[in-house]
There are 2 protein chains.
Amino acid sequence: MSIKAYAAQAAESPLSSFSITRRDPLPNDVLIDILYCGVCHSDLHQARNEWGNTIYPCVPGHEILGRVAKVGTAVTRFKEGDLAAVGCMVDSCRTCPACQKGLEQYCETGGTVFTYNGPDKILGGVTFGGYSENIVVDEAFVLKVSEKVKPEELPGVAPLLCAGITTYSPMRHWKVGPGQKVGIVGLGGLGHMGVKFAHAFGAQVVLFTTSPGKAEDARRLGADEVVVSKDPDAMAAQARSFDFILDCVSAQHDLNAYLQLLKRDGTLVLVGAPEHPLPIAAFNLLMPRRNLAGSGIGGIPETQEMLDFCAERGITCDVEMIGIQDVETAYARLLKSDVRYRFVIDMATLKS
Amino acid sequence: MSIKAYAAQAAESPLSSFSITRRDPLPNDVLIDILYCGVCHSDLHQARNEWGNTIYPCVPGHEILGRVAKVGTAVTRFKEGDLAAVGCMVDSCRTCPACQKGLEQYCETGGTVFTYNGPDKILGGVTFGGYSENIVVDEAFVLKVSEKVKPEELPGVAPLLCAGITTYSPMRHWKVGPGQKVGIVGLGGLGHMGVKFAHAFGAQVVLFTTSPGKAEDARRLGADEVVVSKDPDAMAAQARSFDFILDCVSAQHDLNAYLQLLKRDGTLVLVGAPEHPLPIAAFNLLMPRRNLAGSGIGGIPETQEMLDFCAERGITCDVEMIGIQDVETAYARLLKSDVRYRFVIDMATLKS
């Protein structure tokens, strides 16, 4: 079937209306009419070929929320009309130890198929993301969304599929919880969810930001304290006091300043990927014994767990809704970190 | 009491004979006549003021093995004639959570007193290390050495106090054991003990070296495989296969090459401290979720555990014995990595 989408035709071209083909649902497939799609910084990187691997035309979008329009004959978990969501992946090898453990993002055969710009194994070419009318995905990679979520909250659910799981997963893996002091570095799309989750998990939450103007908002989101990272005295006052720090910044910055804030056996986890290597002074890891780690999105079972947790606790992303026609304006604002805290496209605007 | 020692009088001066004062044993003190003292690269750094904090005269040496000559009135664990050892520390605050946990090297009040160039709280000035006739240390910081160790093996016990515990501690902390593939980077004083311990713990051991000539020796020490790290194909063949890598190199080198060899959830631990910061590409930590950490020596209880483990298993360091008069020659050879694998000073030569 031919459907409407928004695509970049080249690194220099603004995204514009474009027709793409979706497969008819195979027995295990779910066809989802897309209601909302979040705008992730990765969308911009990929559309502009900033990672050097973009195949055009490119349809971004991996924070997808919609309703099931049709299911294949073998689908058991979804029926027409159900809320459904799709995140960063639509397939993987499903047989390696990582996939068997539900960590499909770390598929050991390199079989992870990303939602856009991945190899489309059925139609050939590349996968097309959520800046589109609908999407067809094997039910094994489709997430359920509780009907408890109120309609007006649905736009804020879409970015949970990337910004949410990317911050939720490391905090679960490193067991963030009550009695811990947890730092979140950066208050953007990821960071604002980091604050909400760390607070929800019962930790004492400190937000680090370069923008003093974000302090009030950070407290509203769940931070107990806000530290302006450009203030050396404020940073020094936090030395050796953190159990865990989640670094959500994609720009170049000094990790040593944050390593020094960790207690013995504390962990600093990167979820952003700055373009250039980050210099680490070995002594900051040796004394006292500290950890630096990274984490990439999250697997399908944990993404479902996160969506259920959020539905139960009433947690959503703070979003600004835009029309698909405004996506380039949104990208320009994204580059200035001028969004509180995630743009979400109302996909109804694709039809207008 | 005034005793013989070897001291550096300035960064540029070769070490030479010098008299120092030791306190008379206090009630909790043990006076140890030193038989052997290992030569650690830290001795050289400190003697030459390469860390910028040396107070002269400086008597290095923190891999100390000897026999108890006298004990204070309240000493319970040692008696005259016992074998005894002293490592990198002679005191700490003893009350903070780290000290209470037996991790005195990470003392949270900054109270760790290093064996040389630390604040001598009793006599004033700085502590003097093991390049000396004897040493007086509170029994809480004195280690027991099994009488099972044969006299000819005693020189190889001395470097366990730093090279041994520095490699033993992180492998215990990160639970190295059977079924794991473990890499050791560099075959020097630390690395050769890393190979021995990883082998003793039942892991599959791969040694990484820039010197193909060390392969045979590495296998003798317990390595199952040797990879020449300058060979890109040999390195690529090891990608994503390690549970744990212990990096024992103090020179600048590329950590990214080793991070890429870790499996998901694998850990690269630094025990060497290169002078300049090491650039880390964030993506090597993110995908698949990997850890970079550091570890500094080990606490007193674990040092005792390590010495007991070594006595039980017949593990010692491979050493080259020297006279104290040859210490500058040894330093020069150390700078060329020309030692297999640790110099140990026969302290009897101090009297000659």
# chains A, B, ... in the order shown; residues from 1 in each chain; ligands from 1
call {"tool": "interface_residues", "arguments": {"of": "chain A", "to": "chain B", "cutoff": "7 Å", "atoms": "only C-alpha atoms", "output": "MDAnalysis selection string"}}
result
chainID A and resid 106 271 273:274 276:283 285:296
call {"tool": "residues_around", "arguments": {"residues": "segment 23-31 of chain A", "least_positions_apart": "4", "cutoff": "9 Å", "atoms": "only C-alpha atoms", "output": "number ranges by chain"}}
result
A: 1-2, 67-76, 78-80, 122-123, 134-140, 142
call {"tool": "write_last_selection", "arguments": {"atoms": "N, CA and C atoms", "output": "short mmCIF file (atom, residue, chain, number, x, y, z; two decimals), in the first residue's frame"}}
result
data_model
loop_
_atom_site.label_atom_id
_atom_site.label_comp_id
_atom_site.auth_asym_id
_atom_site.auth_seq_id
_atom_site.Cartn_x
_atom_site.Cartn_y
_atom_site.Cartn_z
N MET A 1 0.84 -1.21 0.00
CA MET A 1 0.00 0.00 0.00
C MET A 1 0.87 1.25 0.00
N SER A 2 0.42 2.25 -0.69
CA SER A 2 1.15 3.52 -0.77
C SER A 2 0.55 4.48 0.25
N ARG A 67 -2.95 3.54 16.94
CA ARG A 67 -3.97 2.52 17.21
C ARG A 67 -3.90 1.45 16.13
N VAL A 68 -4.11 0.23 16.56
CA VAL A 68 -4.05 -0.90 15.63
C VAL A 68 -5.20 -0.79 14.63
N ALA A 69 -4.85 -0.84 13.32
CA ALA A 69 -5.86 -0.76 12.27
C ALA A 69 -6.16 -2.14 11.70
N LYS A 70 -5.17 -3.03 11.81
CA LYS A 70 -5.34 -4.36 11.22
C LYS A 70 -4.28 -5.28 11.81
N VAL A 71 -4.62 -6.55 11.99
CA VAL A 71 -3.62 -7.50 12.48
C VAL A 71 -3.54 -8.69 11.53
N GLY A 72 -2.35 -9.28 11.45
CA GLY A 72 -2.15 -10.49 10.65
C GLY A 72 -2.85 -11.68 11.30
N THR A 73 -2.96 -12.75 10.54
CA THR A 73 -3.75 -13.91 10.98
C THR A 73 -3.18 -14.60 12.21
N ALA A 74 -1.88 -14.45 12.44
CA ALA A 74 -1.26 -15.16 13.58
C ALA A 74 -1.05 -14.27 14.80
N VAL A 75 -1.47 -13.02 14.71
CA VAL A 75 -1.24 -12.09 15.82
C VAL A 75 -2.14 -12.45 17.00
N THR A 76 -1.54 -12.49 18.20
CA THR A 76 -2.32 -12.90 19.37
C THR A 76 -2.46 -11.79 20.41
N PHE A 78 -2.60 -8.37 19.94
CA PHE A 78 -3.24 -7.11 19.55
C PHE A 78 -4.50 -7.39 18.73
N LYS A 79 -5.44 -6.43 18.86
CA LYS A 79 -6.62 -6.49 18.00
C LYS A 79 -6.92 -5.07 17.51
N GLU A 80 -7.69 -4.96 16.48
CA GLU A 80 -8.04 -3.67 15.90
C GLU A 80 -8.55 -2.73 16.99
N ILE A 122 11.78 -7.41 4.15
CA ILE A 122 10.64 -7.92 3.37
C ILE A 122 10.50 -7.19 2.04
N LEU A 123 10.47 -5.87 2.08
CA LEU A 123 10.29 -5.11 0.84
C LEU A 123 11.61 -4.74 0.17
N ASN A 134 1.06 5.41 8.73
CA ASN A 134 0.97 4.16 9.47
C ASN A 134 2.29 3.40 9.37
N ILE A 135 2.36 2.29 10.11
CA ILE A 135 3.56 1.46 10.08
C ILE A 135 3.14 0.01 10.29
N VAL A 136 3.88 -0.90 9.67
CA VAL A 136 3.58 -2.33 9.78
C VAL A 136 4.78 -2.99 10.45
N VAL A 137 4.53 -3.60 11.61
CA VAL A 137 5.63 -4.14 12.43
C VAL A 137 5.23 -5.51 12.98
N ASP A 138 6.17 -6.43 13.00
CA ASP A 138 5.96 -7.73 13.62
C ASP A 138 5.54 -7.52 15.07
N GLU A 139 4.52 -8.24 15.52
CA GLU A 139 3.99 -7.97 16.86
C GLU A 139 5.04 -8.15 17.97
N ALA A 140 6.08 -8.93 17.69
CA ALA A 140 7.13 -9.11 18.70
C ALA A 140 7.84 -7.80 19.02
N VAL A 142 6.11 -4.78 18.81
CA VAL A 142 5.07 -3.78 19.07
C VAL A 142 4.76 -3.80 20.57
#
call {"tool": "closest_residue", "arguments": {"among": "A:Gln252, A:Leu259, A:Gly186, A:Gly156", "to": "Val228 of chain A", "atoms": "only C-alpha atoms"}}
result
A:Gly186
call {"tool": "residues_around", "arguments": {"residues": "Val86 of chain B", "least_positions_apart": "3", "cutoff": "12 Å", "atoms": "only C-alpha atoms", "output": "NGL selection string"}}
result
:B and (30-38 or 61-68 or 83 or 89-91 or 114-116 or 129-130 or 134-145 or 157-162 or 165 or 299-300 or 303-304 or 307)
